[in-house]
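A.B. asks: There's a structure below that I have some questions on.
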Amino acid sequence: MSSSEAEQRPGRAVKAEATRNALLDAAERLFAEQGVVAVSNRQISEAAGQG
């Protein structure tokens with residue numbers, strides 16, 4: 001998404017950033033608990049509350 005599109009759709013940009021942060025936080029926590037090799041993308045998305 002270009003910066004002009006983000007300016008036109010601030011709600012979408014805010015939601016995207018919140019989703020990105022939730023995924024990163026969940027991944028960081030799971031990696032610390034279980035190790036990088038033991039964690040799947042599905043586990044990360046479920047831990048972040050994503051469908």
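Quick note on naming: the chains in the structure tokens go A, B, ... in the order shown, residues restart at 1 in each chain, and ligands are numbered from 1 in order of appearance.
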I need the residues of chain A that end up classed as alpha helix (DSSP H) by DSSP on the backbone, written out as a count of residues only.

C.D. replies: 38

A.B. asks: Quick one: of A:Gln50, A:Ile44, A:Val14, A:Arg9, who's nearest to Arg29 in chain A, counting only C-alpha atoms?

C.D. replies: A:Ile44

A.B. asks: Any idea what the distance is between CA of Ala16 in chain A and CA of Glu33 in chain A?

C.D. replies: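 Going from CA of Ala16 in chain A over to CA of Glu33 in chain A covers 25.8 Å.
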
A.B. asks: Name the residues in contact with Ala22 in chain A at a cut-off of 10 Å, using only C-alpha atoms, excluding same-chain residues fewer than 2 positions from it; report them as a ChimeraX atom specification.

C.D. replies: /A:16-20,24-28,44-45,47-50

A.B. asks: Keeping all heavy atoms, export the residues of the selection given above as a short mmCIF file (atom, residue, chain, number, x, y, z; two decimals), in the first residue's frame.

C.D. replies:
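Saved file part_20.cif follows:
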```
data_model
loop_
_atom_site.label_atom_id
_atom_site.label_comp_id
_atom_site.auth_asym_id
_atom_site.auth_seq_id
_atom_site.Cartn_x
_atom_site.Cartn_y
_atom_site.Cartn_z
N ALA A 16 -4.46 -2.60 10.01
CA ALA A 16 -3.35 -3.41 9.51
C ALA A 16 -2.17 -3.37 10.47
O ALA A 16 -1.53 -4.39 10.73
CB ALA A 16 -2.93 -2.91 8.12
N GLU A 17 -1.87 -2.20 10.99
CA GLU A 17 -0.77 -2.07 11.94
C GLU A 17 -1.06 -2.83 13.23
O GLU A 17 -0.18 -3.48 13.78
CB GLU A 17 -0.47 -0.61 12.24
CG GLU A 17 0.75 -0.44 13.12
CD GLU A 17 1.17 1.00 13.29
OE1 GLU A 17 0.63 1.88 12.61
OE2 GLU A 17 2.06 1.24 14.11
N ALA A 18 -2.29 -2.78 13.70
CA ALA A 18 -2.67 -3.51 14.91
C ALA A 18 -2.54 -5.01 14.69
O ALA A 18 -2.05 -5.73 15.57
CB ALA A 18 -4.09 -3.15 15.31
N THR A 19 -2.95 -5.48 13.52
CA THR A 19 -2.83 -6.91 13.19
C THR A 19 -1.37 -7.32 13.13
O THR A 19 -0.97 -8.35 13.68
CB THR A 19 -3.52 -7.21 11.84
OG1 THR A 19 -4.90 -6.87 11.95
CG2 THR A 19 -3.38 -8.67 11.47
N ARG A 20 -0.56 -6.51 12.47
CA ARG A 20 0.88 -6.79 12.37
C ARG A 20 1.51 -6.86 13.76
O ARG A 20 2.27 -7.79 14.05
CB ARG A 20 1.55 -5.71 11.52
CG ARG A 20 3.01 -5.94 11.26
CD ARG A 20 3.63 -4.83 10.40
NE ARG A 20 2.87 -4.52 9.20
CZ ARG A 20 2.16 -3.41 9.01
NH1 ARG A 20 2.14 -2.48 9.92
NH2 ARG A 20 1.50 -3.22 7.89
N LEU A 24 3.29 -10.12 15.54
CA LEU A 24 4.68 -10.06 16.00
C LEU A 24 4.80 -10.35 17.49
O LEU A 24 5.71 -11.07 17.93
CB LEU A 24 5.28 -8.69 15.67
CG LEU A 24 5.54 -8.43 14.19
CD1 LEU A 24 5.94 -6.97 13.97
CD2 LEU A 24 6.61 -9.36 13.66
N ASP A 25 3.88 -9.82 18.28
CA ASP A 25 3.89 -10.08 19.73
C ASP A 25 3.67 -11.56 20.02
O ASP A 25 4.37 -12.15 20.85
CB ASP A 25 2.82 -9.25 20.43
CG ASP A 25 3.13 -7.76 20.46
OD1 ASP A 25 4.29 -7.38 20.20
OD2 ASP A 25 2.19 -6.98 20.74
N ALA A 26 2.71 -12.16 19.32
CA ALA A 26 2.42 -13.58 19.52
C ALA A 26 3.62 -14.43 19.10
O ALA A 26 4.00 -15.37 19.81
CB ALA A 26 1.18 -13.99 18.73
N ALA A 27 4.22 -14.10 17.97
CA ALA A 27 5.38 -14.85 17.49
C ALA A 27 6.54 -14.75 18.48
O ALA A 27 7.18 -15.77 18.80
CB ALA A 27 5.81 -14.35 16.12
N GLU A 28 6.80 -13.57 18.96
CA GLU A 28 7.89 -13.38 19.91
C GLU A 28 7.68 -14.21 21.18
O GLU A 28 8.59 -14.88 21.66
CB GLU A 28 8.02 -11.90 20.26
CG GLU A 28 9.18 -11.59 21.16
CD GLU A 28 9.33 -10.09 21.43
OE1 GLU A 28 8.51 -9.30 20.94
OE2 GLU A 28 10.27 -9.74 22.15
N ILE A 44 0.98 -19.14 15.45
CA ILE A 44 1.15 -17.70 15.64
C ILE A 44 -0.16 -16.97 15.36
O ILE A 44 -0.61 -16.14 16.17
CB ILE A 44 2.28 -17.15 14.75
CG1 ILE A 44 3.62 -17.73 15.20
CG2 ILE A 44 2.31 -15.62 14.78
CD1 ILE A 44 4.76 -17.47 14.23
N SER A 45 -0.81 -17.30 14.25
CA SER A 45 -2.04 -16.60 13.90
C SER A 45 -3.15 -16.90 14.92
O SER A 45 -3.92 -16.01 15.28
CB SER A 45 -2.50 -16.94 12.49
OG SER A 45 -2.82 -18.30 12.38
N ALA A 47 -2.67 -17.66 18.13
CA ALA A 47 -2.31 -16.97 19.37
C ALA A 47 -2.58 -15.47 19.27
O ALA A 47 -2.87 -14.82 20.26
CB ALA A 47 -0.84 -17.22 19.71
N ALA A 48 -2.52 -14.93 18.04
CA ALA A 48 -2.78 -13.51 17.83
C ALA A 48 -4.26 -13.21 17.63
O ALA A 48 -4.65 -12.06 17.47
CB ALA A 48 -1.99 -13.01 16.62
N GLY A 49 -5.10 -14.26 17.62
CA GLY A 49 -6.53 -14.06 17.46
C GLY A 49 -6.95 -13.82 16.03
O GLY A 49 -8.00 -13.23 15.78
N GLN A 50 -6.15 -14.28 15.09
CA GLN A 50 -6.48 -14.12 13.68
C GLN A 50 -7.12 -15.39 13.15
O GLN A 50 -6.80 -16.49 13.57
CB GLN A 50 -5.22 -13.80 12.86
CG GLN A 50 -4.50 -12.56 13.33
CD GLN A 50 -5.40 -11.34 13.29
OE1 GLN A 50 -5.97 -11.02 12.26
NE2 GLN A 50 -5.51 -10.65 14.39
#
```
